[in-house]
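**Q** For reference, the structure I am asking about is given below.
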Amino acid sequence: MGKEKVHVNIVVIGHVNSWKSTTTSHLIYKLGGIDKCVIERSENEAVEMNKRGGRASVVI
């Protein structure tokens with residue numbers, strides 16, 4: 001019997017610039033939902049666009 005994936009719905013609420021996207025993206029990354037190469041590619045694109053922000057938030 002294989003493992004079944006459990007779907008979880010979450011809500012993140014916070015003030016503007018309170019790192020909601022970064023925290024959520026990091027959680028998804030740590031749980032294996034975002035591949036490391038996708039993070040790296042997105043970080044490089046963010047640098048090219050001079051976009052500041054958290055490391056993981058550029059994926060969203």
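Chains: A, B, ... in order of the structure tokens. Residues: from 1 per chain. Ligands: from 1, in order shown.
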Report as JSON, numbers by chain all protein, DNA and RNA residues lying within 12 Å of A:Lys5, evaluated on only C-alpha atoms, omitting residues in the same chain fewer than 4 positions from it.
**A** {"A": [31, 32, 33]}
**Q** May I have the selected residues written with C-alpha atoms, as a PDB file, in the first residue's frame?
**A**
```
ATOM      1  CA  LEU A  31       7.634  20.044   2.249  1.00  0.00           C
ATOM      2  CA  GLY A  32       8.887  19.177  -1.238  1.00  0.00           C
ATOM      3  CA  GLY A  33       6.303  21.098  -3.253  1.00  0.00           C
TER       4      GLY A  33
END
```
**Q** So what do you get for atom CA of A:Tyr29 versus atom CA of A:Glu43, distance-wise?
**A**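 Atom-to-atom, atom CA of A:Tyr29 and atom CA of A:Glu43 are spaced 13.8 Å apart.
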**Q** Chain A: which residues are helix (DSSP H, G or I) by DSSP, as a VMD selection string?
**A** chain A and resid 20 to 30 36 to 48 57 to 59
